[in-house]
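Colleague: So here's query.cif (mmCIF, C-alpha atoms).
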```cif
data_final
loop_
_atom_site.label_atom_id
_atom_site.label_comp_id
_atom_site.auth_asym_id
_atom_site.auth_seq_id
_atom_site.Cartn_x
_atom_site.Cartn_y
_atom_site.Cartn_z
CA MET A 110 0.00 0.00 0.00
CA GLN A 111 2.84 2.42 0.83
CA PHE A 112 4.47 1.60 -2.50
CA LEU A 113 1.28 2.29 -4.48
CA GLU A 114 0.58 5.42 -2.44
CA GLY A 115 4.05 6.77 -3.25
CA ILE A 116 3.51 6.14 -6.97
CA VAL A 117 0.08 7.82 -6.92
CA ILE A 118 1.44 10.89 -5.06
CA ALA A 119 4.33 11.20 -7.53
CA LEU A 120 2.02 10.94 -10.56
CA ARG A 121 -0.42 13.48 -9.09
CA SER A 122 2.49 15.85 -8.53
CA LEU A 123 3.58 15.43 -12.17
CA VAL A 124 0.07 16.18 -13.45
CA ALA A 125 -0.49 19.13 -11.09
CA ASN A 126 2.80 20.84 -12.01
CA LYS A 127 3.22 20.12 -15.72
CA LEU A 128 5.91 22.69 -16.54
CA ARG A 129 7.93 21.85 -13.44
CA SER A 130 7.59 18.15 -14.27
CA ILE A 131 8.90 18.66 -17.80
CA LEU A 132 11.86 20.68 -16.55
CA THR A 133 12.47 18.07 -13.85
CA LEU A 134 12.52 15.13 -16.23
CA ILE A 135 14.17 16.67 -19.28
CA GLY A 136 17.67 15.56 -18.27
CA VAL A 137 16.61 11.94 -17.74
CA ILE A 138 14.56 11.99 -20.97
CA ILE A 139 17.50 13.28 -23.04
CA GLY A 140 19.92 10.77 -21.49
CA VAL A 141 17.67 7.74 -22.02
CA MET A 142 16.56 8.95 -25.45
CA THR A 143 20.19 9.24 -26.58
CA VAL A 144 21.05 5.75 -25.36
CA ILE A 145 18.00 4.12 -27.00
CA ALA A 146 18.42 5.95 -30.33
CA VAL A 147 22.16 5.28 -30.58
CA VAL A 148 21.88 1.61 -29.53
CA ALA A 149 18.99 1.11 -31.99
CA ILE A 150 20.94 2.59 -34.90
CA ILE A 151 24.18 0.77 -34.03
CA SER A 152 22.38 -2.56 -33.53
CA GLY A 153 20.57 -2.11 -36.84
CA MET A 154 23.82 -1.25 -38.61
CA ASN A 155 25.62 -4.24 -37.08
CA LYS A 156 22.90 -6.65 -38.22
CA TYR A 157 22.72 -5.09 -41.67
CA VAL A 158 26.49 -5.06 -42.17
CA GLU A 159 26.75 -8.63 -40.89
CA THR A 160 24.10 -9.76 -43.40
CA GLU A 161 25.74 -7.93 -46.29
CA ILE A 162 29.29 -8.98 -45.49
CA SER A 163 28.30 -12.60 -44.87
CA SER A 164 27.01 -12.68 -48.46
CA MET A 165 30.69 -12.73 -49.45
CA GLY A 166 30.70 -16.29 -48.14
CA SER A 167 32.35 -18.05 -45.22
CA THR A 168 35.01 -19.55 -47.52
CA THR A 169 35.91 -16.38 -49.42
CA PHE A 170 38.63 -13.90 -48.48
CA LEU A 171 40.05 -10.78 -50.07
CA ILE A 172 43.70 -9.83 -50.64
CA ARG A 173 44.49 -6.18 -51.28
CA LYS A 174 47.10 -3.49 -50.84
CA PHE A 175 45.31 -1.72 -47.98
CA GLY A 176 44.17 -3.25 -44.71
CA MET A 177 41.84 -1.69 -42.14
CA ILE A 178 43.12 1.87 -41.63
CA THR A 179 42.42 3.54 -38.28
CA SER A 180 45.00 6.35 -38.25
CA SER A 181 46.89 8.71 -40.55
CA GLU A 182 50.14 6.89 -39.67
CA GLU A 183 48.72 3.62 -41.00
CA TRP A 184 47.53 5.37 -44.17
CA PHE A 185 50.95 6.86 -44.96
CA LYS A 186 52.58 3.52 -44.19
CA GLN A 187 50.26 1.48 -46.39
CA ILE A 188 50.18 3.92 -49.32
CA LYS A 189 53.88 3.10 -49.90
CA ARG A 190 53.13 -0.58 -50.50
CA LYS A 191 53.46 -2.04 -53.99
CA ASN A 192 50.23 -2.69 -55.86
CA LEU A 193 49.08 -6.25 -56.39
CA THR A 194 49.31 -7.42 -60.02
CA LEU A 195 47.65 -9.96 -62.28
CA LYS A 196 50.86 -11.99 -62.06
CA ASP A 197 50.37 -12.19 -58.27
CA MET A 198 46.87 -13.53 -58.89
CA GLU A 199 48.19 -16.09 -61.39
CA ALA A 200 50.87 -17.21 -58.92
CA ILE A 201 48.21 -17.83 -56.27
CA LYS A 202 46.04 -19.72 -58.76
CA GLU A 203 48.94 -21.98 -59.78
CA ASN A 204 50.60 -22.56 -56.38
CA CYS A 205 47.76 -22.61 -53.83
CA PRO A 206 46.38 -26.18 -53.62
CA ASP A 207 43.63 -25.26 -51.13
CA CYS A 208 42.34 -22.35 -53.23
CA GLY A 209 39.23 -23.41 -55.14
CA LYS A 210 38.65 -20.26 -57.21
CA VAL A 211 40.87 -17.20 -57.64
CA GLY A 212 39.74 -13.99 -59.30
CA ALA A 213 40.55 -10.29 -59.27
CA GLU A 214 39.04 -6.90 -59.87
CA ALA A 215 40.09 -3.25 -60.11
CA ILE A 216 37.83 -0.24 -59.76
CA SER A 217 37.60 3.22 -61.32
CA TRP A 218 34.84 5.80 -61.82
CA ARG A 219 33.66 7.21 -65.16
CA LYS A 220 30.68 8.71 -66.95
CA VAL A 221 28.50 6.15 -68.76
CA LYS A 222 26.44 7.23 -71.82
CA TYR A 223 23.71 5.75 -73.98
CA LYS A 224 22.41 7.94 -76.81
CA ASN A 225 21.51 11.29 -75.18
CA LYS A 226 21.42 9.93 -71.60
CA HIS A 227 24.34 9.70 -69.21
CA LEU A 228 25.21 8.78 -65.63
CA SER A 229 28.16 10.34 -63.80
CA ASN A 230 30.58 8.61 -61.43
CA MET A 231 29.54 5.08 -62.28
CA THR A 232 31.77 2.36 -60.82
CA ILE A 233 33.76 0.72 -63.61
CA VAL A 234 34.97 -2.71 -62.50
CA GLY A 235 37.67 -4.57 -64.41
CA ALA A 236 37.29 -8.21 -63.43
CA THR A 237 38.24 -11.78 -64.24
CA ALA A 238 35.60 -14.08 -65.73
CA ASN A 239 34.86 -15.91 -62.47
CA ILE A 240 34.31 -12.80 -60.31
CA THR A 241 30.51 -13.11 -60.53
CA GLU A 242 30.79 -16.53 -58.85
CA ILE A 243 33.27 -15.42 -56.17
CA ALA A 244 32.03 -11.90 -55.30
CA ASN A 245 28.31 -12.74 -55.33
CA HIS A 246 27.02 -10.89 -58.42
CA ASP A 247 23.81 -12.78 -59.19
CA VAL A 248 22.75 -12.76 -62.84
CA TYR A 249 19.26 -11.41 -63.60
CA GLU A 250 19.46 -11.58 -67.39
CA GLY A 251 22.07 -12.71 -69.89
CA ARG A 252 25.41 -13.92 -68.58
CA GLY A 253 28.66 -12.87 -67.01
CA ILE A 254 31.99 -12.30 -68.77
CA SER A 255 33.68 -15.39 -70.24
CA GLU A 256 37.32 -16.50 -70.13
CA PHE A 257 37.51 -16.03 -73.91
CA GLU A 258 36.44 -12.38 -73.58
CA VAL A 259 39.05 -11.77 -70.89
CA GLU A 260 41.83 -13.43 -72.91
CA HIS A 261 40.97 -11.45 -76.08
CA ASN A 262 40.29 -8.04 -74.48
CA ARG A 263 36.68 -7.94 -75.68
CA GLN A 264 34.67 -4.75 -75.12
CA VAL A 265 31.67 -6.34 -73.45
CA CYS A 266 30.08 -5.54 -70.09
CA PHE A 267 27.90 -6.89 -67.31
CA VAL A 268 25.87 -4.06 -65.75
CA GLY A 269 24.12 -3.26 -62.47
CA TRP A 270 20.44 -2.46 -62.11
CA GLU A 271 21.04 1.31 -61.85
CA ILE A 272 22.29 1.35 -65.45
CA VAL A 273 19.16 -0.43 -66.68
CA GLU A 274 16.71 1.77 -64.77
CA ASN A 275 18.25 5.08 -65.86
CA LEU A 276 19.59 4.44 -69.36
CA PHE A 277 17.08 1.83 -70.55
CA PRO A 278 13.77 2.64 -68.81
CA ASN A 279 11.57 1.47 -71.70
CA GLU A 280 13.75 -0.94 -73.67
CA ASP A 281 15.71 -4.16 -73.33
CA PRO A 282 19.38 -3.38 -72.54
CA MET A 283 20.68 -6.73 -73.85
CA GLY A 284 22.89 -6.29 -76.91
CA LYS A 285 22.95 -2.48 -76.64
CA ASP A 286 26.19 -0.49 -76.68
CA ILE A 287 27.04 1.97 -73.90
CA LYS A 288 29.92 4.43 -73.96
CA ILE A 289 32.54 4.58 -71.21
CA GLY A 290 34.98 7.43 -71.85
CA ASN A 291 35.77 7.10 -75.57
CA ASP A 292 35.05 3.36 -75.86
CA TYR A 293 31.87 1.41 -76.55
CA PHE A 294 30.90 -1.76 -74.67
CA ARG A 295 28.15 -4.21 -75.55
CA ILE A 296 25.86 -5.32 -72.70
CA ILE A 297 25.83 -9.12 -72.36
CA GLY A 298 24.29 -9.43 -68.89
CA VAL A 299 22.41 -7.64 -66.11
CA ALA A 300 22.90 -8.23 -62.36
CA LYS A 301 20.07 -8.69 -59.90
CA LYS A 302 19.11 -5.60 -57.91
CA LYS A 303 20.97 -5.40 -54.56
CA GLY A 304 19.98 -1.96 -53.24
CA THR A 305 22.12 0.26 -51.01
CA PHE A 306 24.63 -0.63 -48.30
CA LEU A 307 25.04 2.15 -45.68
CA GLY A 308 24.11 4.72 -48.31
CA ASP A 309 26.36 3.22 -50.99
CA ASN A 310 24.48 2.17 -54.13
CA GLN A 311 25.50 -1.40 -55.03
CA ASP A 312 23.76 -1.33 -58.42
CA ASN A 313 25.65 1.50 -60.14
CA PHE A 314 28.45 -0.55 -61.70
CA VAL A 315 29.66 -1.67 -65.10
CA LEU A 316 31.80 -4.80 -65.07
CA ILE A 317 34.24 -5.28 -67.98
CA PRO A 318 37.08 -7.78 -68.68
CA ILE A 319 40.09 -6.91 -66.56
CA THR A 320 42.43 -7.08 -69.56
CA THR A 321 40.27 -4.54 -71.41
CA TYR A 322 40.23 -2.37 -68.29
CA GLN A 323 44.04 -2.50 -68.12
CA LYS A 324 44.39 -1.60 -71.80
CA ILE A 325 41.91 1.32 -71.72
CA PHE A 326 42.82 2.97 -68.43
CA LYS A 327 46.57 2.45 -68.94
CA ARG A 328 47.58 3.12 -65.39
CA SER A 329 48.66 1.27 -62.32
CA MET A 330 45.71 -0.69 -60.94
CA PHE A 331 44.69 -1.04 -57.32
CA LEU A 332 44.00 -4.72 -57.83
CA MET A 333 42.01 -6.78 -55.31
CA VAL A 334 42.35 -10.56 -55.40
CA PHE A 335 39.37 -12.68 -54.36
CA VAL A 336 40.03 -16.24 -53.23
CA LYS A 337 37.43 -18.89 -52.52
CA ALA A 338 38.79 -21.82 -50.52
CA ARG A 339 37.82 -25.37 -51.48
CA ASP A 340 35.77 -25.70 -48.29
CA PHE A 341 35.42 -24.14 -44.84
CA MET A 342 37.91 -26.57 -43.26
CA SER A 343 40.68 -25.51 -45.67
CA MET A 344 40.02 -21.76 -45.29
CA GLN A 345 42.94 -21.10 -42.92
CA GLU A 346 45.33 -23.26 -44.95
CA ALA A 347 44.39 -21.38 -48.12
CA MET A 348 45.04 -18.04 -46.40
CA ASP A 349 48.42 -19.23 -45.11
CA GLN A 350 49.42 -20.50 -48.55
CA CYS A 351 48.46 -17.20 -50.21
CA ARG A 352 50.43 -15.31 -47.60
CA LEU A 353 53.58 -17.38 -48.19
CA ILE A 354 53.26 -17.05 -51.98
CA LEU A 355 52.90 -13.26 -51.87
CA ARG A 356 55.65 -12.73 -49.29
CA ALA A 357 58.03 -14.73 -51.50
CA ARG A 358 57.01 -12.91 -54.69
CA ARG A 359 57.23 -9.47 -53.06
CA ASN A 360 60.55 -10.24 -51.30
CA VAL A 361 59.29 -9.49 -47.80
CA PRO A 362 62.02 -10.34 -45.21
CA TYR A 363 61.14 -12.92 -42.55
CA ASP A 364 61.31 -10.31 -39.77
CA LYS A 365 59.04 -7.78 -41.53
CA GLU A 366 55.24 -7.66 -41.52
CA ASP A 367 53.16 -8.33 -44.64
CA ASP A 368 53.00 -5.53 -47.20
CA PHE A 369 49.46 -6.56 -48.16
CA ALA A 370 46.24 -7.34 -46.29
CA ILE A 371 44.13 -10.51 -46.14
CA LEU A 372 40.54 -9.77 -45.15
CA THR A 373 37.73 -12.18 -44.33
CA SER A 374 34.08 -11.36 -43.71
CA GLU A 375 34.72 -11.96 -39.99
CA SER A 376 37.73 -9.61 -39.83
CA ILE A 377 35.76 -6.87 -41.59
CA MET A 378 32.86 -7.39 -39.19
CA ASP A 379 35.19 -7.27 -36.16
CA PHE A 380 36.61 -3.96 -37.37
CA PHE A 381 33.10 -2.56 -37.80
CA ARG A 382 32.09 -3.76 -34.32
CA GLN A 383 35.12 -2.01 -32.79
CA PHE A 384 34.13 1.21 -34.54
CA THR A 385 30.50 1.03 -33.37
CA ARG A 386 31.60 0.06 -29.85
CA LEU A 387 33.70 3.22 -29.66
CA ALA A 388 30.78 5.31 -30.93
CA LEU A 389 28.53 3.72 -28.30
CA MET A 390 31.01 4.52 -25.53
CA VAL A 391 31.24 8.17 -26.61
CA MET A 392 27.46 8.57 -26.79
CA GLY A 393 27.10 6.69 -23.50
CA GLY A 394 29.40 9.26 -21.88
CA ILE A 395 27.29 12.12 -23.23
CA ALA A 396 24.11 10.39 -22.06
CA SER A 397 25.64 9.89 -18.59
CA ILE A 398 26.13 13.65 -18.23
CA SER A 399 22.45 14.21 -19.07
CA LEU A 400 21.40 11.57 -16.54
CA VAL A 401 23.54 13.11 -13.79
CA VAL A 402 22.08 16.55 -14.52
CA GLY A 403 18.58 15.00 -14.54
CA GLY A 404 19.29 13.27 -11.24
CA ILE A 405 20.45 16.52 -9.60
CA VAL A 406 17.27 18.26 -10.79
CA ILE A 407 15.14 15.42 -9.36
CA MET A 408 16.98 15.72 -6.03
CA ASN A 409 16.35 19.48 -5.91
CA ILE A 410 12.67 19.03 -6.75
CA MET A 411 12.33 16.36 -4.05
CA LEU A 412 13.97 18.72 -1.53
CA VAL A 413 11.42 21.36 -2.49
CA SER A 414 8.68 18.73 -2.06
CA VAL A 415 9.98 17.88 1.42
CA THR A 416 9.86 21.57 2.37
CA GLU A 417 6.33 22.00 0.95
CA ARG A 418 5.07 18.90 2.78
CA THR A 419 6.82 19.39 6.13
CA LYS A 420 3.54 19.74 8.02
CA GLU A 421 2.14 16.62 6.29
CA ILE A 422 5.25 14.69 7.39
CA GLY A 423 4.72 15.90 10.96
CA ILE A 424 1.10 14.75 10.96
CA ARG A 425 2.06 11.33 9.55
CA LYS A 426 4.71 10.89 12.25
CA ALA A 427 2.27 12.03 14.95
CA LEU A 428 -0.16 9.34 13.76
CA GLY A 429 2.52 6.64 14.10
CA ALA A 430 4.48 6.66 10.85
CA ARG A 431 8.05 5.55 11.35
CA ARG A 432 11.21 6.86 9.73
CA ARG A 433 11.35 3.98 7.26
CA ASN A 434 7.76 4.72 6.17
CA ILE A 435 8.61 8.34 5.34
CA LEU A 436 11.91 7.31 3.75
CA TRP A 437 10.17 4.71 1.59
CA GLN A 438 7.44 7.14 0.50
CA PHE A 439 9.82 9.82 -0.77
CA LEU A 440 12.21 7.28 -2.31
CA VAL A 441 9.32 5.71 -4.26
CA GLU A 442 8.31 9.16 -5.47
CA ALA A 443 11.87 9.90 -6.70
CA VAL A 444 12.11 6.55 -8.50
CA THR A 445 8.67 7.07 -10.07
CA LEU A 446 9.72 10.49 -11.38
CA ALA A 447 12.89 9.02 -12.88
CA LEU A 448 11.00 6.05 -14.38
CA VAL A 449 8.43 8.32 -16.04
CA GLY A 450 11.35 10.22 -17.59
CA GLY A 451 12.93 6.91 -18.61
CA ILE A 452 9.74 5.65 -20.28
CA ALA A 453 9.34 8.95 -22.14
CA GLY A 454 13.01 8.76 -23.19
CA VAL A 455 12.58 5.18 -24.49
CA ALA A 456 9.54 6.19 -26.55
CA MET A 457 11.28 9.27 -28.00
CA GLY A 458 14.52 7.36 -28.68
CA ALA A 459 12.65 4.60 -30.53
CA LEU A 460 10.73 7.24 -32.52
CA ILE A 461 13.95 9.07 -33.50
CA ALA A 462 15.58 5.79 -34.55
CA LYS A 463 12.53 4.91 -36.67
CA ILE A 464 12.45 8.35 -38.34
CA LEU A 465 16.19 8.11 -39.12
CA SER A 466 15.79 4.65 -40.65
CA LEU A 467 12.92 5.90 -42.83
CA THR A 468 14.59 9.12 -43.98
CA THR A 469 18.24 8.04 -44.22
CA PRO A 470 20.15 4.89 -45.26
CA LEU A 471 20.86 4.12 -41.59
CA PRO A 472 18.95 1.02 -40.42
CA SER A 473 17.74 0.69 -36.82
CA ALA A 474 16.63 -2.07 -34.46
CA VAL A 475 15.41 -1.31 -30.92
CA GLU A 476 16.86 -4.02 -28.67
CA GLY A 477 14.90 -5.29 -25.67
CA TRP A 478 18.04 -5.35 -23.54
CA SER A 479 18.71 -1.66 -24.25
CA VAL A 480 15.18 -0.75 -23.07
CA ALA A 481 15.64 -2.81 -19.89
CA VAL A 482 19.07 -1.26 -19.22
CA ALA A 483 17.74 2.27 -19.85
CA LEU A 484 14.85 1.81 -17.41
CA PHE A 485 17.17 0.20 -14.84
CA VAL A 486 19.58 3.14 -15.12
CA ALA A 487 16.71 5.63 -14.81
CA SER A 488 15.50 3.82 -11.66
CA SER A 489 19.04 3.83 -10.27
CA VAL A 490 19.27 7.58 -10.87
CA GLY A 491 16.01 8.01 -8.94
CA ILE A 492 17.29 5.90 -6.03
CA PHE A 493 20.73 7.54 -5.91
CA PHE A 494 19.54 11.14 -6.11
CA GLY A 495 16.34 10.53 -4.14
CA ILE A 496 17.98 9.01 -1.08
CA PHE A 497 19.16 12.35 0.36
CA PRO A 498 15.75 14.13 0.22
CA ALA A 499 14.08 10.96 1.55
CA MET A 500 16.50 10.76 4.49
CA LYS A 501 15.98 14.46 5.19
CA ALA A 502 12.21 13.91 5.31
CA ALA A 503 12.56 10.83 7.52
CA ARG A 504 14.77 12.67 10.04
CA LEU A 505 12.40 15.60 10.56
CA ASN A 506 11.36 16.16 14.18
CA PRO A 507 7.56 15.64 14.34
CA ILE A 508 7.05 18.51 16.83
CA GLU A 509 8.97 21.01 14.71
CA ALA A 510 7.33 19.67 11.54
CA LEU A 511 3.84 20.25 12.98
CA ARG A 512 4.77 23.84 13.88
CA TYR A 513 6.15 24.53 10.36
CA GLU A 514 4.18 27.10 8.33
#
```
Mind turning this structure into structure tokens?

Modeller:
Amino acid sequence: MQFLEGIVIALRSLVANKLRSILTLIGVIIGVMTVIAVVAIISGMNKYVETEISSMGSTTFLIRKFGMITSSEEWFKQIKRKNLTLKDMEAIKENCPDCGKVGAEAISWRKVKYKNKHLSNMTIVGATANITEIANHDVYEGRGISEFEVEHNRQVCFVGWEIVENLFPNEDPMGKDIKIGNDYFRIIGVAKKKGTFLGDNQDNFVLIPITTYQKIFKRSMFLMVFVKARDFMSMQEAMDQCRLILRARRNVPYDKEDDFAILTSESIMDFFRQFTRLALMVMGGIASISLVVGGIVIMNIMLVSVTERTKEIGIRKALGARRRNILWQFLVEAVTLALVGGIAGVAMGALIAKILSLTTPLPSAVEGWSVAVALFVASSVGIFFGIFPAMKAARLNPIEALRYE
């Protein structure tokens, strides 16, 4: 009964003093809202990235010049590395017994034209014939590039859905010629629509034979080698074999680190989790400040409440209420205030996360554990900052309290 009475008194106080209640709870609301919104967005991003990266396959890994860069020092160090070459890819293909499929691609950006229509900054991918099998480019229509077309530098292309939608809205793209720079390429296949990944359009590409790419662009390529192991059990052996082959080819001394990077879907995901964990810690620190400020405001309001209700406390004590009864009453009121702020913060945080996911490429997913933690923290704020006013009320002398005007 005392517990319910404390909740009812706290809620009546909130309704009776609306402006004061809003000002009292705004710190807790902002703190909880920040935590819920940030956790929702980060959880959504983690799930989305995990789904997208896992599409690369559990037996596929990527070898490239650059690894995961987290500082300017790493960037300047890695930019000095030699580029990977097609000969490196061929060496892996010939000397790696646990490698099932080996392919490569290089990327550039150019304008793509068809008749009087054009698209700027389209991703031009020079690739080996088997890249559609290794890098998960599903065919919607037509076919991918063949070994014959790679060997003979054919000017053919396999295009993403963005090309079809914008350059061929009312006609079949198959067999049509598009212009990239000063060269024409015949469309032989169309990829299935993949959508965006963290705001990056995955359908705005034109894939051409890597030999044709090398001949046309005539510059040093930032080549990426894709390797698909024979099976999951031989994944680590395949990575070790590739590492030994490249270290030998690139003359890396035994006491020096690799001058290339080997990335798996799991290593990419771990890097992303570290990044989001850091972001969560930073936002958690900001939210903590808001919660502390909110807790101080709740304590001040409860002290004002104790002063306003001094005579009531005296009457209750005169009628037999003990210190613990008064302490419990005011503590319940403080926790109720904080919980109301916490609930409002959860609702607003979830709403903000939903709006962001609808209006931006950022996905969101409100986690049950984050709601439970937020409400627990809000309750803890109420207990911590409500204990002093509650103790002050409990220690009042009943005689002096009755005389108080």

Colleague: Any idea what's packed within 9 Å of Met333 of chain A, counting only C-alpha atoms, ignoring anything in its chain fewer than 5 positions away? Could you give it as a VMD selection string?

Modeller: chain A and resid 171 to 174 193 to 194 212 to 216

Colleague: For this structure, which residues satisfy the selection - the PyMOL selection byres ((chain A and resi 134) around 9) - when it is evaluated on the file as given? I want them as a PyMOL selection string.

Modeller: chain A and resi 129-133+135-139+403-404+406-407+446-447+449-451

Colleague: Please measure the separation of atom CA of Leu195 of chain A and atom CA of Leu332 of chain A, giving the value in Å to one decimal.

Modeller: 7.8 Å

Colleague: With distances taken over all atoms listed in the file, which residue among A:Met390, A:Ala487, A:Ile272, A:Ile297 lies nearest Gly284 of chain A?

Modeller: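 Using all atoms listed in the file, the shortest distance to Gly284 of chain A belongs to A:Ile297.
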
Colleague: Can you translate the PyMOL selection byres ((chain A and resi 440) around 10) into the concrete residues it hits in this file, as JSON, numbers by chain?

Modeller: {"A": [112, 115, 116, 411, 434, 435, 436, 437, 438, 439, 441, 442, 443, 444, 445, 446, 491, 492, 493, 494, 495, 496, 497, 498, 499, 500]}

Colleague: Output the selection as a PDB file, keeping the file's coordinate frame - C-alpha atoms for each residue.

Modeller:
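That gives us again.pdb:
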```pdb
ATOM      1  CA  PHE A 112       4.470   1.600  -2.500  1.00  0.00           C
ATOM      2  CA  GLY A 115       4.050   6.770  -3.250  1.00  0.00           C
ATOM      3  CA  ILE A 116       3.510   6.140  -6.970  1.00  0.00           C
ATOM      4  CA  MET A 411      12.330  16.360  -4.050  1.00  0.00           C
ATOM      5  CA  ASN A 434       7.760   4.720   6.170  1.00  0.00           C
ATOM      6  CA  ILE A 435       8.610   8.340   5.340  1.00  0.00           C
ATOM      7  CA  LEU A 436      11.910   7.310   3.750  1.00  0.00           C
ATOM      8  CA  TRP A 437      10.170   4.710   1.590  1.00  0.00           C
ATOM      9  CA  GLN A 438       7.440   7.140   0.500  1.00  0.00           C
ATOM     10  CA  PHE A 439       9.820   9.820  -0.770  1.00  0.00           C
ATOM     11  CA  VAL A 441       9.320   5.710  -4.260  1.00  0.00           C
ATOM     12  CA  GLU A 442       8.310   9.160  -5.470  1.00  0.00           C
ATOM     13  CA  ALA A 443      11.870   9.900  -6.700  1.00  0.00           C
ATOM     14  CA  VAL A 444      12.110   6.550  -8.500  1.00  0.00           C
ATOM     15  CA  THR A 445       8.670   7.070 -10.070  1.00  0.00           C
ATOM     16  CA  LEU A 446       9.720  10.490 -11.380  1.00  0.00           C
ATOM     17  CA  GLY A 491      16.010   8.010  -8.940  1.00  0.00           C
ATOM     18  CA  ILE A 492      17.290   5.900  -6.030  1.00  0.00           C
ATOM     19  CA  PHE A 493      20.730   7.540  -5.910  1.00  0.00           C
ATOM     20  CA  PHE A 494      19.540  11.140  -6.110  1.00  0.00           C
ATOM     21  CA  GLY A 495      16.340  10.530  -4.140  1.00  0.00           C
ATOM     22  CA  ILE A 496      17.980   9.010  -1.080  1.00  0.00           C
ATOM     23  CA  PHE A 497      19.160  12.350   0.360  1.00  0.00           C
ATOM     24  CA  PRO A 498      15.750  14.130   0.220  1.00  0.00           C
ATOM     25  CA  ALA A 499      14.080  10.960   1.550  1.00  0.00           C
ATOM     26  CA  MET A 500      16.500  10.760   4.490  1.00  0.00           C
TER      27      MET A 500
END
```

Colleague: Go ahead and compute the interatomic distance for atom CA of Ile240 of chain A and atom CA of Leu276 of chain A, in Å to one decimal.

Modeller: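 Computing it gives 24.4 Å between the two atoms.
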
Colleague: Using only C-alpha atoms, give me every residue within 10 Å of (15.2, 12.6, -30.0) in file coordinates, as a VMD selection string.

Modeller: chain A and resid 138 to 143 145 to 146 454 to 462 464

Colleague: So that I can see what lies close to Lys226 of chain A, please list as a PDB file with C-alpha atoms, keeping the file's coordinate frame the residues with an atom at most 12 Å from it, counting only C-alpha atoms and leaving out residues fewer than 5 positions away in the same chain.

Modeller:
```pdb
ATOM      1  CA  LYS A 220      30.680   8.710 -66.950  1.00  0.00           C
ATOM      2  CA  VAL A 221      28.500   6.150 -68.760  1.00  0.00           C
ATOM      3  CA  ILE A 272      22.290   1.350 -65.450  1.00  0.00           C
ATOM      4  CA  VAL A 273      19.160  -0.430 -66.680  1.00  0.00           C
ATOM      5  CA  GLU A 274      16.710   1.770 -64.770  1.00  0.00           C
ATOM      6  CA  ASN A 275      18.250   5.080 -65.860  1.00  0.00           C
ATOM      7  CA  LEU A 276      19.590   4.440 -69.360  1.00  0.00           C
ATOM      8  CA  PHE A 277      17.080   1.830 -70.550  1.00  0.00           C
ATOM      9  CA  PRO A 278      13.770   2.640 -68.810  1.00  0.00           C
ATOM     10  CA  ILE A 287      27.040   1.970 -73.900  1.00  0.00           C
ATOM     11  CA  LYS A 288      29.920   4.430 -73.960  1.00  0.00           C
TER      12      LYS A 288
END
```

Colleague: Quick one, how far is atom CA of Ile452 of chain A from atom CA of Ala483 of chain A?

Modeller: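 For atom CA of Ile452 of chain A relative to atom CA of Ala483 of chain A, the distance reads 8.7 Å.
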
Colleague: Calculated over all atoms listed in the file, which of the candidates A:Val234, A:Leu428, A:Leu355, A:Ala200 has the smallest distance to Ile319 of chain A?

Modeller: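 Using all atoms listed in the file, the shortest distance to Ile319 of chain A belongs to A:Val234.
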
Colleague: Taking only C-alpha atoms into account, which of A:Ile395, A:Leu128, A:Ile243, A:Cys208 comes nearest Ser343 of chain A?

Modeller: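 Smallest distance to Ser343 of chain A is found for A:Cys208.
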
Colleague: Taking only C-alpha atoms into account, which of A:Gly423, A:Trp184, A:Pro282, A:Asn192 comes nearest Tyr223 of chain A?

Modeller: A:Pro282

Colleague: Set the distance at 12 Å and use only C-alpha atoms: which residues neighbour Arg425 of chain A once local chain neighbours fewer than 2 positions away are removed? I'd like the list as a PyMOL selection string.

Modeller: chain A and resi 418-423+427-432+434-435+438+502-503+505-508+510-511

Colleague: Which residues, written as an MDAnalysis selection string, have at least one atom at most 12 Å from Ile188 of chain A, with only C-alpha atoms counted and residues fewer than 6 positions away on the same chain left out?

Modeller: chainID A and resid 173:176 178 181:182 331 368:369

Colleague: Given the file shown, determine the residues that the PyMOL selection byres ((chain A and resi 336) around 6) selects; report them as a list in words.

Modeller: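 Expected selection for the PyMOL selection byres ((chain A and resi 336) around 6) here is Thr169, Phe170, Lys210, Val211, Phe335 and Lys337 of chain A.
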
Colleague: For a quick check of understanding, using only C-alpha atoms, which of A:Tyr293, A:Ile150, A:Arg433, A:Leu113 has the smallest distance to Pro472 of chain A?

Modeller: A:Ile150

Colleague: A:Met177, A:Leu316, A:Ala300, A:Met392: which is nearest Ala238 of chain A, counting all atoms listed in the file?

Modeller: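 Once distances to Ala238 of chain A are computed over all atoms listed in the file, the minimum belongs to A:Leu316.
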
Colleague: Residues at most 9 Å from Ile201 of chain A, counting only C-alpha atoms, excluding those fewer than 2 positions away in the same chain, as a compact mmCIF listing (two decimals) with C-alpha atoms, keeping the file's coordinate frame?

Modeller:
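What landed in out_18.txt:
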```
# COMPACT_ATOMS: atom_id res chain seq x y z
CA LYS A 196 50.86 -11.99 -62.06
CA ASP A 197 50.37 -12.19 -58.27
CA MET A 198 46.87 -13.53 -58.89
CA GLU A 199 48.19 -16.09 -61.39
CA GLU A 203 48.94 -21.98 -59.78
CA ASN A 204 50.60 -22.56 -56.38
CA CYS A 205 47.76 -22.61 -53.83
CA PRO A 206 46.38 -26.18 -53.62
CA CYS A 208 42.34 -22.35 -53.23
CA VAL A 211 40.87 -17.20 -57.64
CA VAL A 336 40.03 -16.24 -53.23
CA GLN A 350 49.42 -20.50 -48.55
CA CYS A 351 48.46 -17.20 -50.21
CA ILE A 354 53.26 -17.05 -51.98
CA LEU A 355 52.90 -13.26 -51.87
```
